[in-house]
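Novice: Quick one: the structure is below, and I'll ask about it shortly.
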Protein chains: 2
Amino acid sequence: MVETKINWHSELDDPEAFRAFAHEAVDLAADYLAALSERPVYQRMSPEARMNLLEAPLPETGMPAGTLLDRFQTEVMPWPMGNGHPRFFGWVNSPPTAIGIVAELLAATMNPSCAGGDHAAIYLERATVRWLMELMGFPTEGSMGILVSGGSMASLTGLATARQWASTCDGWNVRDDGVGAGDRMTLYVSSETHTTVIKAAELLGIGNRQVRVVPAGADFRMDISALEAAVTADRNAGYRPFAVVGSAGTVSTGAIDPLDDIADLCAEHRLWFHVDAAYGGPGVLDTRVAPHFSGMERADSLAIDPHKWLSVPVECGCVFVRDGTLLRETFSLVPPYVQVDEGKGIGGLPWYAEYGFQQSRGFRALKTWMSLAHAGREGLSQTIRRHNELAQYLAERIDDHPN
Amino acid sequence: MVETKINWHSELDDPEAFRAFAHEAVDLAADYLAALSERPVYQRMSPEARMNLLEAPLPETGMPAGTLLDRFQTEVMPWPMGNGHPRFFGWVNSPPTAIGIVAELLAATMNPSCAGGDHAAIYLERATVRWLMELMGFPTEGSMGILVSGGSMASLTGLATARQWASTCDGWNVRDDGVGAGDRMTLYVSSETHTTVIKAAELLGIGNRQVRVVPAGADFRMDISALEAAVTADRNAGYRPFAVVGSAGTVSTGAIDPLDDIADLCAEHRLWFHVDAAYGGPGVLDTRVAPHFSGMERADSLAIDPHKWLSVPVECGCVFVRDGTLLRETFSLVPPYVQVDEGKGIGGLPWYAEYGFQQSRGFRALKTWMSLAHAGREGLSQTIRRHNELAQYLAERIDDHPN
């Protein structure tokens, strides 16, 4: 028999109590956003404020929800990172879209796991990723994409696919036999490439000494002849060059590598072409600078971060892979004879867990879908263009004042 | 000069419009939660409903926020995964805590990136992870933990640390030289171990053929003598056994491996002991079954998923590493001479980005902190105990009806 003893229930299990509490939270959020421009961008936490959070004991008995909201208001909210403020110039870390904030509440209300299945979140993610591909000019037919935590996971996913592809080309399988079983792979980045790519190569077992740092020119773009020389030297030395990473907007200067030239070289040398467009990719929506991105659409895999320039609340990264079947071969643990094909079986889509590393996956599609649909292509393009104009204006002011 | 042309603004940029919209969303969420038990647990999506989401074109011009809320209500919300419903028996995928739903909105309002820095989210994560360690009985002194997307990333993080530790023990560095540079590593799991661990070994470049599947006994627990035999055989064959994964609650049957015995064997053979407690770890809060978890606290690394049994909204995984400095050595790309030490420099904590794979990191600490503090140790323990009683009751009903 089930013992009849008193069990803990949240006061918020009552729907009307939840409603009242969530309305209070909304007012707190709205007041915070309304007052944001009046407060300092950032202020160092007082030692007391730090210790208060850091050393708080695990509560033995529960705290009322209202107390927690008060504590959040007085102990957490006064010490933000600063990135929501209109005068935050710390770049990369964007303010959130207002509609994305609300979407987070709605996504958690439904709380699906997006490993797969036949429920709305799965279809919404497919559409959202396709929209992102269309915005970036990436081919949608035959390709596949997946939302991930951020640019690091997106690049890891792309490079894992590259590693898998290279081993298969050479007649072995890195998933089965491990990195040590084939010729030693080498990866090519420029000196301006973000360190997360190095971290991905380390995690994949490639080793950072196998990452060739190709010099960038005075324009901070990868030197193509140096890249070609490095690939040739490695091949002659018995290494297995497998992938090149081009940046579509480096973090330090915003430089865009000569993507078309890298794509040509990759095609000629049969190398995987990964583009790290995490930070800069949406720049392609500004028609005045779009030509600089030429070749981005030729990537075998591409990483973007909707939580950066598109202001979707963190975390939201995305990876596109040109050949969707390769992505599945890299991550699927399901034997081919029980894999779901689109439009067959229960009618659902293939499982996302077969296309990426995560098993449980949150409903990050909702905040992305709402943010993109609310602005539309036109609104996003105008926003990106405006940002570039402001950057240009700042550059001119600096040029006018050489001191 | 900045061009003066019309730019897109969200109607929600007006704080009062945001307030009204978010209140509407709260009512939608509250109505959904209130009516949940009246609706079917799950229903297959109609083909029209699927196509409607899947084939929707990228909007060229933006949609009003209210339209999007209506579309969410009519096109998305009617097709949930089912896991919030009181009669959902699909296990593992939990309903969200009500306070966690609200926390998602507040976290996105502040929208910090938790790579590091001196702002409240960083301190709150430290405290929250310590609370989780205390709940699981894991030592807090000298250890370090980090919130991640889920159990897959948690186990990947633990095993990456194991791989790093093993190479360092052998006088080389896997981050520098890659998996192929040392003796071929072997990993030990039981036949009941979750496949995400195999996936982690593949991603790390170990290769699934280097993963030894030790048989489980009739009780679904790892056979210790078979484990010892496998380790010895591999060592004699010139392999490098490096880590054993024990499960504190397997997904299929809830079996808990003989963790103390595995810890003894790991100590004797100098192997890393990783515990996958993603699903079952919080079971230790039920004093009647806690003895089965004995040895869990001896893990070198441990994965738990607050988004499973603790009902924190997805995504929320967590990894603990007994020797925090090893975790940092595995992921830090910052040279030691510029690393921040606790209580030194600007007074902030070491950066989380040095302790894990992600660079940008969301504020998932808030929903976890609020969920834990709201229930307290007592509320959590009562809930876990109640779940175990219900499972016991179900088992008895089944035993009573052999047909």
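As shown in the structure tokens, the chain order sets the letters A, B, ...; within each chain, residues go from 1, and ligands are also counted from 1 in the order they appear.
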Need the shell around His307 in chain B: protein/DNA/RNA residues with any atom at most 9 Å away, counting only C-alpha atoms. Skip same-chain ones fewer than 2 positions apart. Format as a list in words?
Specialist: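 Once the adjacent positions are removed, what remains is Asn93, Ser94, Pro95, Pro96, Gly150, Ile304, Asp305, Trp309, Leu310, Ser311, Val312, Pro313, Val314, Glu315, Cys316, Gly317 and Thr368 of chain B.
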Novice: For the residues selected in the previous step, produce a file with N, CA, C and O atoms as a PDB file, in the first residue's frame.
Specialist:
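part-v9.pdb was written with the following content:
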ATOM      1  N   ASN B  93      11.127  11.792 -18.633  1.00  0.00           N
ATOM      2  CA  ASN B  93      10.828  13.174 -19.028  1.00  0.00           C
ATOM      3  C   ASN B  93       9.826  13.768 -18.036  1.00  0.00           C
ATOM      4  O   ASN B  93       8.643  13.463 -18.083  1.00  0.00           O
ATOM      5  N   SER B  94      10.330  14.614 -17.173  1.00  0.00           N
ATOM      6  CA  SER B  94       9.543  15.104 -16.047  1.00  0.00           C
ATOM      7  C   SER B  94       8.699  16.306 -16.420  1.00  0.00           C
ATOM      8  O   SER B  94       8.998  17.019 -17.376  1.00  0.00           O
ATOM      9  N   PRO B  95       7.665  16.549 -15.612  1.00  0.00           N
ATOM     10  CA  PRO B  95       6.985  17.838 -15.723  1.00  0.00           C
ATOM     11  C   PRO B  95       7.899  18.904 -15.101  1.00  0.00           C
ATOM     12  O   PRO B  95       8.763  18.574 -14.291  1.00  0.00           O
ATOM     13  N   PRO B  96       7.711  20.156 -15.482  1.00  0.00           N
ATOM     14  CA  PRO B  96       8.569  21.206 -14.913  1.00  0.00           C
ATOM     15  C   PRO B  96       8.036  21.678 -13.558  1.00  0.00           C
ATOM     16  O   PRO B  96       6.829  21.659 -13.329  1.00  0.00           O
ATOM     17  N   GLY B 150      22.785  18.675 -20.245  1.00  0.00           N
ATOM     18  CA  GLY B 150      22.118  17.451 -19.797  1.00  0.00           C
ATOM     19  C   GLY B 150      23.123  16.367 -19.483  1.00  0.00           C
ATOM     20  O   GLY B 150      24.334  16.618 -19.395  1.00  0.00           O
ATOM     21  N   ILE B 304      24.687  14.264 -13.017  1.00  0.00           N
ATOM     22  CA  ILE B 304      23.264  14.206 -12.651  1.00  0.00           C
ATOM     23  C   ILE B 304      22.480  15.139 -13.568  1.00  0.00           C
ATOM     24  O   ILE B 304      23.035  16.053 -14.180  1.00  0.00           O
ATOM     25  N   ASP B 305      21.190  14.906 -13.641  1.00  0.00           N
ATOM     26  CA  ASP B 305      20.291  15.714 -14.476  1.00  0.00           C
ATOM     27  C   ASP B 305      19.183  16.320 -13.623  1.00  0.00           C
ATOM     28  O   ASP B 305      18.135  15.696 -13.451  1.00  0.00           O
ATOM     29  N   TRP B 309      14.748  13.833 -12.406  1.00  0.00           N
ATOM     30  CA  TRP B 309      13.956  13.567 -11.206  1.00  0.00           C
ATOM     31  C   TRP B 309      13.686  14.824 -10.359  1.00  0.00           C
ATOM     32  O   TRP B 309      12.740  14.851  -9.566  1.00  0.00           O
ATOM     33  N   LEU B 310      14.490  15.844 -10.506  1.00  0.00           N
ATOM     34  CA  LEU B 310      14.268  17.066  -9.714  1.00  0.00           C
ATOM     35  C   LEU B 310      13.355  18.074 -10.418  1.00  0.00           C
ATOM     36  O   LEU B 310      13.080  19.151  -9.897  1.00  0.00           O
ATOM     37  N   SER B 311      12.913  17.722 -11.640  1.00  0.00           N
ATOM     38  CA  SER B 311      11.885  18.507 -12.350  1.00  0.00           C
ATOM     39  C   SER B 311      12.260  19.951 -12.697  1.00  0.00           C
ATOM     40  O   SER B 311      11.383  20.772 -12.973  1.00  0.00           O
ATOM     41  N   VAL B 312      13.530  20.281 -12.673  1.00  0.00           N
ATOM     42  CA  VAL B 312      13.948  21.580 -13.217  1.00  0.00           C
ATOM     43  C   VAL B 312      13.620  21.556 -14.716  1.00  0.00           C
ATOM     44  O   VAL B 312      13.850  20.540 -15.375  1.00  0.00           O
ATOM     45  N   PRO B 313      13.045  22.629 -15.280  1.00  0.00           N
ATOM     46  CA  PRO B 313      12.754  22.593 -16.725  1.00  0.00           C
ATOM     47  C   PRO B 313      14.014  22.281 -17.542  1.00  0.00           C
ATOM     48  O   PRO B 313      15.105  22.720 -17.191  1.00  0.00           O
ATOM     49  N   VAL B 314      13.809  21.495 -18.635  1.00  0.00           N
ATOM     50  CA  VAL B 314      14.973  21.206 -19.499  1.00  0.00           C
ATOM     51  C   VAL B 314      15.465  22.498 -20.128  1.00  0.00           C
ATOM     52  O   VAL B 314      14.655  23.368 -20.392  1.00  0.00           O
ATOM     53  N   GLU B 315      16.743  22.707 -20.406  1.00  0.00           N
ATOM     54  CA  GLU B 315      17.826  21.774 -20.202  1.00  0.00           C
ATOM     55  C   GLU B 315      18.551  22.111 -18.903  1.00  0.00           C
ATOM     56  O   GLU B 315      18.916  23.261 -18.689  1.00  0.00           O
ATOM     57  N   CYS B 316      18.847  21.088 -18.106  1.00  0.00           N
ATOM     58  CA  CYS B 316      19.701  21.290 -16.944  1.00  0.00           C
ATOM     59  C   CYS B 316      20.364  19.999 -16.502  1.00  0.00           C
ATOM     60  O   CYS B 316      19.760  19.185 -15.806  1.00  0.00           O
ATOM     61  N   GLY B 317      21.605  19.820 -16.922  1.00  0.00           N
ATOM     62  CA  GLY B 317      22.445  18.740 -16.426  1.00  0.00           C
ATOM     63  C   GLY B 317      23.528  19.318 -15.531  1.00  0.00           C
ATOM     64  O   GLY B 317      23.702  20.540 -15.466  1.00  0.00           O
ATOM     65  N   THR B 368      17.254  26.350 -11.337  1.00  0.00           N
ATOM     66  CA  THR B 368      17.688  25.275 -10.453  1.00  0.00           C
ATOM     67  C   THR B 368      17.700  25.756  -8.999  1.00  0.00           C
ATOM     68  O   THR B 368      17.175  25.096  -8.097  1.00  0.00           O
TER      69      THR B 368
END
Novice: With a cut-off of 12 Å, could you pull out the residues of range 356-393 of chain B touching range 121-129 of chain B and give me the nearest pair of atoms for each, distance in Å to one decimal, using only C-alpha atoms, ordered by chain and ascending number, as a Markdown table?
Specialist:
| residue | atom | partner | partner_atom | distance |
| --- | --- | --- | --- | --- |
| B:Arg361 | CA | B:Ile122 | CA | 10.3 |
| B:Gly362 | CA | B:Ala121 | CA | 9.2 |
| B:Phe363 | CA | B:Ala121 | CA | 6.4 |
| B:Arg364 | CA | B:Glu125 | CA | 8.0 |
| B:Ala365 | CA | B:Glu125 | CA | 4.9 |
| B:Leu366 | CA | B:Leu124 | CA | 7.3 |
| B:Lys367 | CA | B:Thr128 | CA | 9.9 |
| B:Thr368 | CA | B:Thr128 | CA | 7.0 |
| B:Trp369 | CA | B:Thr128 | CA | 5.5 |
| B:Met370 | CA | B:Thr128 | CA | 9.2 |
| B:Ser371 | CA | B:Thr128 | CA | 10.1 |
| B:Leu372 | CA | B:Thr128 | CA | 8.2 |
| B:Ala373 | CA | B:Thr128 | CA | 9.3 |
Novice: Apply DSSP to the structure's backbone, then extract all residues of range 189-271 of chain B labelled alpha helix (DSSP H) and return them as an mmCIF file with C-alpha atoms, in the first residue's frame.
Specialist:
data_model
loop_
_atom_site.group_PDB
_atom_site.id
_atom_site.type_symbol
_atom_site.label_atom_id
_atom_site.label_comp_id
_atom_site.auth_asym_id
_atom_site.auth_seq_id
_atom_site.Cartn_x
_atom_site.Cartn_y
_atom_site.Cartn_z
ATOM 1 C CA THR B 195 24.127 4.630 -24.808
ATOM 2 C CA THR B 196 25.020 8.292 -24.237
ATOM 3 C CA VAL B 197 28.227 7.044 -22.610
ATOM 4 C CA ILE B 198 29.136 5.160 -25.802
ATOM 5 C CA LYS B 199 28.390 8.330 -27.755
ATOM 6 C CA ALA B 200 30.720 10.277 -25.472
ATOM 7 C CA ALA B 201 33.507 7.752 -26.029
ATOM 8 C CA GLU B 202 33.005 8.070 -29.781
ATOM 9 C CA LEU B 203 33.091 11.868 -29.699
ATOM 10 C CA ILE B 224 32.701 -6.999 -10.600
ATOM 11 C CA SER B 225 34.767 -10.084 -11.285
ATOM 12 C CA ALA B 226 34.015 -9.777 -15.015
ATOM 13 C CA LEU B 227 35.112 -6.145 -14.788
ATOM 14 C CA GLU B 228 38.360 -7.082 -13.121
ATOM 15 C CA ALA B 229 39.009 -9.821 -15.673
ATOM 16 C CA ALA B 230 38.405 -7.405 -18.545
ATOM 17 C CA VAL B 231 40.761 -4.790 -17.105
ATOM 18 C CA THR B 232 43.475 -7.364 -16.544
ATOM 19 C CA ALA B 233 43.092 -8.859 -20.010
ATOM 20 C CA ASP B 234 43.323 -5.431 -21.633
ATOM 21 C CA ARG B 235 46.355 -4.462 -19.612
ATOM 22 C CA ASN B 236 48.063 -7.714 -20.608
ATOM 23 C CA LEU B 259 29.410 1.447 -6.565
ATOM 24 C CA ASP B 260 31.580 0.776 -3.517
ATOM 25 C CA ASP B 261 33.037 -2.319 -5.158
ATOM 26 C CA ILE B 262 33.735 -0.420 -8.370
ATOM 27 C CA ALA B 263 35.366 2.387 -6.374
ATOM 28 C CA ASP B 264 37.598 -0.179 -4.629
ATOM 29 C CA LEU B 265 38.575 -1.743 -7.936
ATOM 30 C CA CYS B 266 39.295 1.671 -9.484
ATOM 31 C CA ALA B 267 41.483 2.603 -6.525
ATOM 32 C CA GLU B 268 43.379 -0.668 -6.770
ATOM 33 C CA HIS B 269 43.891 -0.471 -10.535
#
Novice: Please list as JSON, numbers by chain every residue within 10 Å of range 28-30 of chain B, counting only C-alpha atoms and excluding residues in the same chain fewer than 5 positions away.
Specialist: {"A": [14, 15, 16, 17, 18, 19, 20, 22, 23, 105, 106, 107, 108, 109, 110], "B": [22, 23, 35, 36, 69, 70, 72, 73, 77, 98, 101]}
Novice: Quick one: pull the distance between CA of Lys308 in chain B and CA of Val76 in chain B, Å, one decimal.
Specialist: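 Rounded to one decimal, the two atoms are 23.1 Å apart.
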Novice: Hey, what's within 12 Å of Gly137 in chain B if we count only C-alpha atoms and toss same-chain stuff fewer than 2 positions away? As a list of chain:residue names, please?
Specialist: B:Arg130, B:Trp131, B:Leu132, B:Met133, B:Glu134, B:Leu135, B:Pro139, B:Thr140, B:Glu141, B:Gly281, B:Pro282, B:Gly283, B:Val284, B:Leu285, B:Ala290, B:Pro291, B:Phe293, B:Ser294, B:Gly295, B:Met296, B:Glu297, B:Arg298, B:Ala299, B:Leu302, B:Phe320
Novice: Mind pulling up the distance from CA of Ile206 in chain A to CA of Thr186 in chain A?
Specialist: 7.5 Å
Novice: Which distance in Å separates CA of Gly151 in chain B and CA of Thr330 in chain A, to one decimal?
Specialist: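 According to the coordinates, CA of Gly151 in chain B and CA of Thr330 in chain A are separated by 19.1 Å.
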Novice: Quick one: DSSP strand (DSSP E or B) residues in range 91-312 of chain A, as a PyMOL selection string?
Specialist: chain A and resi 144-148+185-190+211-214+216+222+240-248+256+272-276+301-304
